[in-house]
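Since the structure comes first, as structure tokens, the remarks are kept for the end.
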Amino acid sequence: MKADSRIFVAGGDTLIGAAILRRLAASGHEGIVNGREPDPDLADGARTMAFFERNAPEFVFHAAGRSGGIRENIDRPAELMRDNLLVAESVVHAAWKCGARKLLYLASSCSYPRACPQPMSVGSLMSGPLEPTNEPYAMAKLAGVSLCSAYRAQYGARFFSVFPANAFGPFDDFRAESGHVIPALIRKMHEAKVAGRPFVEVWGTGKPRREFVYADDLADACIFLMRNYDRPEPVNAGGGETFSIGEIAELIREAVGYRGLIRFDPSKPDGMPLKSLDAGELTAMGWRPATPLREALATTYEWFLTLSPEVRCHAR
Ligand code: GDP
């Protein structure tokens with residue numbers, strides 16, 4: 001990937017896609033296709049193909065597709081699954097048809113089996129039943145991964161998949177109902193601070209453990225892999241340490257400066273008990289995340305504060 005290579009980030013307005021675009025621009029890439037014309041609706045195969053024919057990207061980061069936190073997955077399984085199936089098909093096919101030299105598909109750690117041995121290694125994919133709260137989304141992501149492998153096997157396309165840990169950062173979905181735990185709790189605690197509420201409700205028991213990765217670090221990992229990786233096996237990209245939801249809630253309380261109490265609501269679902277990625281492959285290649293968690297939470301909160309109160313309530 002040279003400074004003038006044509007690069008397209010599918011889903012450039014998503015948490016991870018936006019971070020990849022920021023990172024590419026900061027490292028002097030001048031051939032970024034995004035922004036030359038409005039992005040097509042990537043769930044529409046014909047429009048996506050026409051866009052690829054006009055722009056012929058050589059390198060494609062596939063970060064498109066709707067995602068959401070545990071509540072969104074329970075409430076909108078059909079929408080999440082359909083959107084991810086459609087964008088996987090349209091972007092992968094158009095990239096191949098229009099001669100993309102490489103494609104990186106962003107999968108999800110939700111796609112590992114619920115009872116997967118920890119830390120989860122790519123050899124465990126498809127070895128057992130999925131977590132029921134996000135099975136349709138996880139299935140769609142697995143279909144995308146399999147599609148990339150199939151295009152590699154049949155056509156020799158240099159397509160591969162990356163399984164990220166739970167990502168967070170600027171441009172995340174900060175709505176309390178649909179967002180993932182970090183943005184949802186940032187918003188809930190900020191609003192509780194402003195309103196002087198005595199406690200904030202945190203879903204579940206607080207015991208599940210998650211591995212988090214700051215979106216800018218994940219973007220860095222994706223660009224590193226695009227430059228250095230070209231094998232059929234998917235790669236895990238994580239931040240290393242895991243935190244319980246109780247611990248992460250405490251760290252968010254600190255970042256936001258909220259003085260009230262954290263109250264767990266065990267009537268809400270916990271989801272997977274533990275998600276920790278075996279990132280040995282990436283580590284062996286020499287990549288490590290650069291941003292300490294506290295700093296990443298503080299930067300994310302600062303970014304949240306730049307949104308107008310209206311946007312904080314209704315949109316990404
Ligand atoms: P998951 O990794 O797919 O389960 O994604 P989430 O980020 O949605 O949830 C992670 C964990 O945080 C789950 O155990 C949730 O029950 C818990 N959690 C606690 N409070 C919240 C909240 O306000 N929003 C979300 N999304 N999760 C929460």
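By order in the structure tokens, chains are A, B, ...; within a chain, residues start at 1; ligands start at 1, following the order shown.
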### Task
Please give me, as a PyMOL selection string, the residues lying within 8 Å of ligand 1 when counting only C-alpha atoms and all ligand atoms.
chain A and resi 68-72+110+133-134+166+176-185+188+201-210+245+249+264+268-273+275
Which residues of segment 168-239 of chain A come within 7 Å of segment 2-15 of chain A, and for each one, what is the closest pair of atoms and their distance in Å to one decimal, counting only C-alpha atoms, sorted by chain and residue number, as a tab-separated table?
residue	atom	partner	partner_atom	distance
A:Gly169	CA	A:Leu15	CA	6.9
A:Pro170	CA	A:Leu15	CA	6.7
A:Phe171	CA	A:Leu15	CA	5.0
A:Asp172	CA	A:Leu15	CA	5.0
A:Ala215	CA	A:Leu15	CA	6.8
Once you have the residues from the selection above, write them out as a JSON list (two decimals), in the first residue's frame, restricted to N, CA and C atoms.
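The result, written out as result-v9.json:
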[["chain", "number", "residue", "atom", "x", "y", "z"],
["A", 169, "GLY", "N", -14.59, 4.23, 21.05],
["A", 169, "GLY", "CA", -13.85, 5.46, 20.73],
["A", 169, "GLY", "C", -14.77, 6.49, 20.10],
["A", 170, "PRO", "N", -14.19, 7.58, 19.55],
["A", 170, "PRO", "CA", -14.99, 8.60, 18.88],
["A", 170, "PRO", "C", -15.83, 7.99, 17.75],
["A", 171, "PHE", "N", -16.97, 8.57, 17.47],
["A", 171, "PHE", "CA", -17.91, 8.10, 16.43],
["A", 171, "PHE", "C", -18.65, 6.83, 16.81],
["A", 172, "ASP", "N", -18.55, 6.42, 18.07],
["A", 172, "ASP", "CA", -19.30, 5.26, 18.52],
["A", 172, "ASP", "C", -20.78, 5.64, 18.64],
["A", 215, "ALA", "N", -10.47, 2.31, 19.29],
["A", 215, "ALA", "CA", -10.67, 2.26, 17.83],
["A", 215, "ALA", "C", -9.42, 2.71, 17.06]]
### Query
In segment 236-297 of chain A, what's strand (DSSP E) per DSSP? Answer as number ranges by chain?
A: 236-237, 242-244, 261-265, 274-275
Restrict the selected residues to all heavy atoms and save them as a short mmCIF file (atom, residue, chain, number, x, y, z; two decimals), in the first residue's frame.
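again_9.cif, freshly written:
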data_model
loop_
_atom_site.label_atom_id
_atom_site.label_comp_id
_atom_site.auth_asym_id
_atom_site.auth_seq_id
_atom_site.Cartn_x
_atom_site.Cartn_y
_atom_site.Cartn_z
N ASN A 236 -6.80 -12.40 14.95
CA ASN A 236 -7.41 -11.67 16.08
C ASN A 236 -6.67 -10.36 16.31
O ASN A 236 -5.44 -10.31 16.19
CB ASN A 236 -7.30 -12.49 17.37
CG ASN A 236 -8.30 -13.64 17.42
OD1 ASN A 236 -9.35 -13.59 16.78
ND2 ASN A 236 -7.99 -14.67 18.19
N ALA A 237 -7.42 -9.33 16.67
CA ALA A 237 -6.78 -8.04 17.01
C ALA A 237 -7.37 -7.54 18.32
O ALA A 237 -8.55 -7.17 18.37
CB ALA A 237 -7.02 -7.02 15.90
N THR A 242 -8.27 -8.24 30.02
CA THR A 242 -9.73 -8.22 30.13
C THR A 242 -10.14 -7.48 31.40
O THR A 242 -9.39 -7.44 32.36
CB THR A 242 -10.35 -9.64 30.18
OG1 THR A 242 -9.93 -10.28 31.38
CG2 THR A 242 -9.98 -10.47 28.97
N PHE A 243 -11.35 -6.91 31.37
CA PHE A 243 -11.90 -6.21 32.54
C PHE A 243 -13.31 -6.71 32.77
O PHE A 243 -14.03 -6.98 31.81
CB PHE A 243 -11.97 -4.70 32.26
CG PHE A 243 -10.62 -4.06 32.11
CD1 PHE A 243 -9.96 -4.09 30.88
CD2 PHE A 243 -9.99 -3.47 33.19
CE1 PHE A 243 -8.71 -3.51 30.73
CE2 PHE A 243 -8.73 -2.89 33.05
CZ PHE A 243 -8.09 -2.91 31.83
N SER A 244 -13.71 -6.81 34.03
CA SER A 244 -15.11 -7.14 34.30
C SER A 244 -15.94 -5.88 33.99
O SER A 244 -15.41 -4.76 33.99
CB SER A 244 -15.31 -7.56 35.76
OG SER A 244 -15.24 -6.43 36.60
N LEU A 261 -23.53 6.40 42.67
CA LEU A 261 -23.27 4.97 42.82
C LEU A 261 -23.54 4.21 41.52
O LEU A 261 -24.29 4.67 40.67
CB LEU A 261 -24.19 4.39 43.90
CG LEU A 261 -24.05 4.97 45.31
CD1 LEU A 261 -25.16 4.41 46.21
CD2 LEU A 261 -22.66 4.65 45.87
N ILE A 262 -22.94 3.02 41.45
CA ILE A 262 -23.21 2.11 40.34
C ILE A 262 -24.13 1.02 40.88
O ILE A 262 -23.81 0.38 41.89
CB ILE A 262 -21.89 1.49 39.83
CG1 ILE A 262 -21.07 2.58 39.12
CG2 ILE A 262 -22.14 0.30 38.93
CD1 ILE A 262 -19.64 2.19 38.85
N ARG A 263 -25.27 0.84 40.22
CA ARG A 263 -26.21 -0.19 40.69
C ARG A 263 -26.42 -1.22 39.58
O ARG A 263 -26.85 -0.86 38.47
CB ARG A 263 -27.54 0.49 41.04
CG ARG A 263 -28.46 -0.39 41.82
CD ARG A 263 -29.76 0.33 42.13
NE ARG A 263 -29.69 1.18 43.30
CZ ARG A 263 -30.72 1.89 43.76
NH1 ARG A 263 -31.88 1.87 43.12
NH2 ARG A 263 -30.60 2.64 44.83
N PHE A 264 -26.11 -2.47 39.88
CA PHE A 264 -26.26 -3.52 38.85
C PHE A 264 -27.71 -3.99 38.80
O PHE A 264 -28.38 -4.03 39.82
CB PHE A 264 -25.33 -4.70 39.16
CG PHE A 264 -23.88 -4.32 39.06
CD1 PHE A 264 -23.13 -4.08 40.21
CD2 PHE A 264 -23.29 -4.13 37.83
CE1 PHE A 264 -21.80 -3.68 40.12
CE2 PHE A 264 -21.96 -3.73 37.73
CZ PHE A 264 -21.23 -3.51 38.88
N ASP A 265 -28.15 -4.34 37.58
CA ASP A 265 -29.50 -4.85 37.42
C ASP A 265 -29.43 -6.26 36.83
O ASP A 265 -29.40 -6.44 35.61
CB ASP A 265 -30.28 -3.92 36.47
CG ASP A 265 -31.69 -4.44 36.21
OD1 ASP A 265 -32.04 -5.51 36.75
OD2 ASP A 265 -32.43 -3.78 35.47
N LEU A 274 -17.33 -14.48 29.15
CA LEU A 274 -15.95 -13.99 28.98
C LEU A 274 -15.61 -13.95 27.50
O LEU A 274 -15.93 -14.88 26.76
CB LEU A 274 -14.99 -14.94 29.71
CG LEU A 274 -13.49 -14.78 29.46
CD1 LEU A 274 -12.99 -13.42 29.91
CD2 LEU A 274 -12.71 -15.88 30.20
N LYS A 275 -14.99 -12.86 27.07
CA LYS A 275 -14.48 -12.78 25.69
C LYS A 275 -13.07 -12.24 25.76
O LYS A 275 -12.86 -11.07 26.06
CB LYS A 275 -15.34 -11.84 24.85
CG LYS A 275 -16.57 -12.49 24.27
CD LYS A 275 -17.11 -11.69 23.09
CE LYS A 275 -18.18 -10.74 23.52
NZ LYS A 275 -18.72 -9.95 22.40
#
### Contacts of segment 193-195 of chain A within 10 Å, only C-alpha atoms, excl. fewer than 6 positions in-chain, as a list in words
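Those residues are Arg187, Arg253, Val256, Gly257, Tyr258, Arg259 and Gly260 of chain A.
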### Task
Using DSSP on the backbone, list every residue of segment 42-193 of chain A that comes out as helix (DSSP H, G or I), and give them as a ChimeraX atom specification.
/A:45-55,70-75,77-97,109-111,122-124,132-155,181-193
Can you write just those residues out, C-alpha atoms, as a CSV table (one decimal), in the first residue's frame?
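Printed below is out_16.csv as written:
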chain,number,residue,atom,x,y,z
A,45,GLY,CA,-25.3,-4.6,-4.9
A,46,ALA,CA,-25.8,-2.7,-8.1
A,47,ARG,CA,-24.9,0.7,-6.7
A,48,THR,CA,-21.9,-0.8,-4.9
A,49,MET,CA,-20.7,-2.4,-8.1
A,50,ALA,CA,-21.1,0.9,-10.0
A,51,PHE,CA,-19.2,2.8,-7.3
A,52,PHE,CA,-16.3,0.2,-7.5
A,53,GLU,CA,-16.3,0.4,-11.3
A,54,ARG,CA,-15.9,4.2,-11.2
A,55,ASN,CA,-13.3,4.3,-8.4
A,70,ILE,CA,-26.6,-6.5,23.6
A,71,ARG,CA,-30.0,-4.8,23.7
A,72,GLU,CA,-29.9,-3.9,20.0
A,73,ASN,CA,-28.9,-7.5,19.1
A,74,ILE,CA,-31.9,-8.8,21.1
A,75,ASP,CA,-34.4,-6.2,19.7
A,77,PRO,CA,-31.8,-9.4,15.1
A,78,ALA,CA,-33.3,-9.4,11.6
A,79,GLU,CA,-32.1,-5.9,10.6
A,80,LEU,CA,-28.6,-6.5,11.9
A,81,MET,CA,-28.3,-9.9,10.2
A,82,ARG,CA,-29.7,-8.8,6.9
A,83,ASP,CA,-27.6,-5.6,6.7
A,84,ASN,CA,-24.4,-7.5,7.4
A,85,LEU,CA,-25.2,-10.3,4.9
A,86,LEU,CA,-26.0,-7.7,2.2
A,87,VAL,CA,-22.9,-5.5,2.7
A,88,ALA,CA,-20.6,-8.5,3.0
A,89,GLU,CA,-21.9,-9.9,-0.3
A,90,SER,CA,-21.9,-6.6,-2.3
A,91,VAL,CA,-18.5,-5.2,-1.2
A,92,VAL,CA,-16.6,-8.5,-1.4
A,93,HIS,CA,-18.0,-9.3,-4.8
A,94,ALA,CA,-17.5,-5.8,-6.2
A,95,ALA,CA,-13.9,-5.7,-4.8
A,96,TRP,CA,-13.1,-8.9,-6.6
A,97,LYS,CA,-14.8,-8.1,-9.8
A,109,SER,CA,-15.5,-11.5,18.4
A,110,CYS,CA,-19.2,-12.3,18.9
A,111,SER,CA,-18.7,-15.0,16.3
A,122,VAL,CA,-9.1,-18.7,15.4
A,123,GLY,CA,-8.9,-22.5,15.4
A,124,SER,CA,-12.0,-22.5,17.7
A,132,PRO,CA,-27.9,-16.7,21.7
A,133,THR,CA,-28.2,-12.9,22.4
A,134,ASN,CA,-26.2,-12.1,19.2
A,135,GLU,CA,-26.4,-15.2,17.1
A,136,PRO,CA,-28.0,-13.7,14.0
A,137,TYR,CA,-25.4,-10.9,13.8
A,138,ALA,CA,-22.6,-13.3,14.6
A,139,MET,CA,-23.8,-15.7,11.9
A,140,ALA,CA,-23.8,-12.9,9.3
A,141,LYS,CA,-20.3,-12.0,10.2
A,142,LEU,CA,-19.2,-15.6,9.9
A,143,ALA,CA,-20.8,-15.7,6.5
A,144,GLY,CA,-18.6,-12.6,5.5
A,145,VAL,CA,-15.5,-14.4,6.8
A,146,SER,CA,-16.4,-17.5,4.9
A,147,LEU,CA,-17.1,-15.5,1.7
A,148,CYS,CA,-13.6,-13.9,1.9
A,149,SER,CA,-12.1,-17.4,2.2
A,150,ALA,CA,-14.2,-18.7,-0.6
A,151,TYR,CA,-13.1,-15.9,-3.0
A,152,ARG,CA,-9.5,-16.6,-2.0
A,153,ALA,CA,-9.9,-20.4,-2.6
A,154,GLN,CA,-11.7,-20.1,-5.9
A,155,TYR,CA,-10.3,-16.9,-7.4
A,181,VAL,CA,-21.3,-0.9,27.1
A,182,ILE,CA,-18.6,1.8,27.1
A,183,PRO,CA,-20.4,4.5,25.0
A,184,ALA,CA,-23.8,3.6,26.7
A,185,LEU,CA,-22.3,4.0,30.2
A,186,ILE,CA,-20.4,7.2,29.2
A,187,ARG,CA,-23.7,8.7,28.2
A,188,LYS,CA,-25.6,7.4,31.2
A,189,MET,CA,-23.0,8.6,33.7
A,190,HIS,CA,-22.6,12.0,32.0
A,191,GLU,CA,-26.4,12.6,32.2
A,192,ALA,CA,-26.6,11.4,35.8
A,193,LYS,CA,-23.7,13.8,36.7
### Message
Please determine, counting only C-alpha atoms, which residue among A:Ala284, A:Leu218, A:Cys116, A:Ala296 has the shortest atom-to-atom distance to Ala255 of chain A.
### Response
A:Ala296
### Task
Considering only C-alpha atoms, state which residue in the set A:Thr291, A:Ser67, A:Thr306, A:Gln118 is at the smallest distance from Phe212 of chain A.
A:Thr291
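Distances from A:Pro232, A:Gly246, A:Ile20, A:Tyr214 to Ala298 of chain A were compared using only C-alpha atoms, and the smallest one belongs to A:Tyr214.
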## Note on the structure
atom CA of Met120 of chain A to atom CA of Asp278 of chain A measures 5.3 Å
### Task
May I have the residues within 9 Å of Ile223 of chain A as a PyMOL selection string, using only C-alpha atoms and disregarding those fewer than 6 positions away in the same chain?
chain A and resi 20+23-24+61
Can you write out the residues you just picked, keeping all heavy atoms, as an mmCIF file, in the first residue's frame?
data_model
loop_
_atom_site.group_PDB
_atom_site.id
_atom_site.type_symbol
_atom_site.label_atom_id
_atom_site.label_comp_id
_atom_site.auth_asym_id
_atom_site.auth_seq_id
_atom_site.Cartn_x
_atom_site.Cartn_y
_atom_site.Cartn_z
ATOM 1 N N ILE A 20 -10.062 4.195 10.878
ATOM 2 C CA ILE A 20 -9.128 3.802 9.805
ATOM 3 C C ILE A 20 -8.887 4.997 8.877
ATOM 4 O O ILE A 20 -7.740 5.286 8.501
ATOM 5 C CB ILE A 20 -9.658 2.569 9.018
ATOM 6 C CG1 ILE A 20 -9.711 1.335 9.924
ATOM 7 C CG2 ILE A 20 -8.790 2.291 7.791
ATOM 8 C CD1 ILE A 20 -10.349 0.099 9.302
ATOM 9 N N ARG A 23 -6.584 7.516 10.465
ATOM 10 C CA ARG A 23 -5.214 6.994 10.538
ATOM 11 C C ARG A 23 -4.530 7.029 9.168
ATOM 12 O O ARG A 23 -3.358 7.350 9.049
ATOM 13 C CB ARG A 23 -5.314 5.546 11.043
ATOM 14 C CG ARG A 23 -4.094 5.004 11.635
ATOM 15 C CD ARG A 23 -4.078 5.325 13.110
ATOM 16 N NE ARG A 23 -2.749 5.108 13.641
ATOM 17 C CZ ARG A 23 -2.412 5.409 14.871
ATOM 18 N NH1 ARG A 23 -3.276 5.951 15.699
ATOM 19 N NH2 ARG A 23 -1.188 5.189 15.276
ATOM 20 N N LEU A 24 -5.288 6.658 8.133
ATOM 21 C CA LEU A 24 -4.724 6.670 6.772
ATOM 22 C C LEU A 24 -4.353 8.096 6.373
ATOM 23 O O LEU A 24 -3.265 8.344 5.832
ATOM 24 C CB LEU A 24 -5.740 6.120 5.768
ATOM 25 C CG LEU A 24 -5.992 4.610 5.776
ATOM 26 C CD1 LEU A 24 -7.209 4.276 4.915
ATOM 27 C CD2 LEU A 24 -4.762 3.841 5.287
ATOM 28 N N PHE A 61 -10.812 -1.725 2.963
ATOM 29 C CA PHE A 61 -11.072 -2.065 4.363
ATOM 30 C C PHE A 61 -12.583 -2.195 4.497
ATOM 31 O O PHE A 61 -13.298 -1.210 4.291
ATOM 32 C CB PHE A 61 -10.569 -0.954 5.295
ATOM 33 C CG PHE A 61 -9.073 -0.814 5.332
ATOM 34 C CD1 PHE A 61 -8.413 0.001 4.413
ATOM 35 C CD2 PHE A 61 -8.314 -1.494 6.279
ATOM 36 C CE1 PHE A 61 -7.032 0.149 4.444
ATOM 37 C CE2 PHE A 61 -6.931 -1.355 6.312
ATOM 38 C CZ PHE A 61 -6.290 -0.536 5.392
#
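One distance worth recording is that between atom CA of Cys98 of chain A and atom CA of Arg66 of chain A, which is 24.4 Å.
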### Task
Measure the distance from atom CA of Arg294 of chain A to atom CA of Pro234 of chain A in Å and round it to one decimal.
29.1 Å
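For the residues A:Ala100, A:Leu282, A:Leu307, A:Ala219, ranking by smallest atom-to-atom distance to Ala26 of chain A using only C-alpha atoms places A:Ala219 first.
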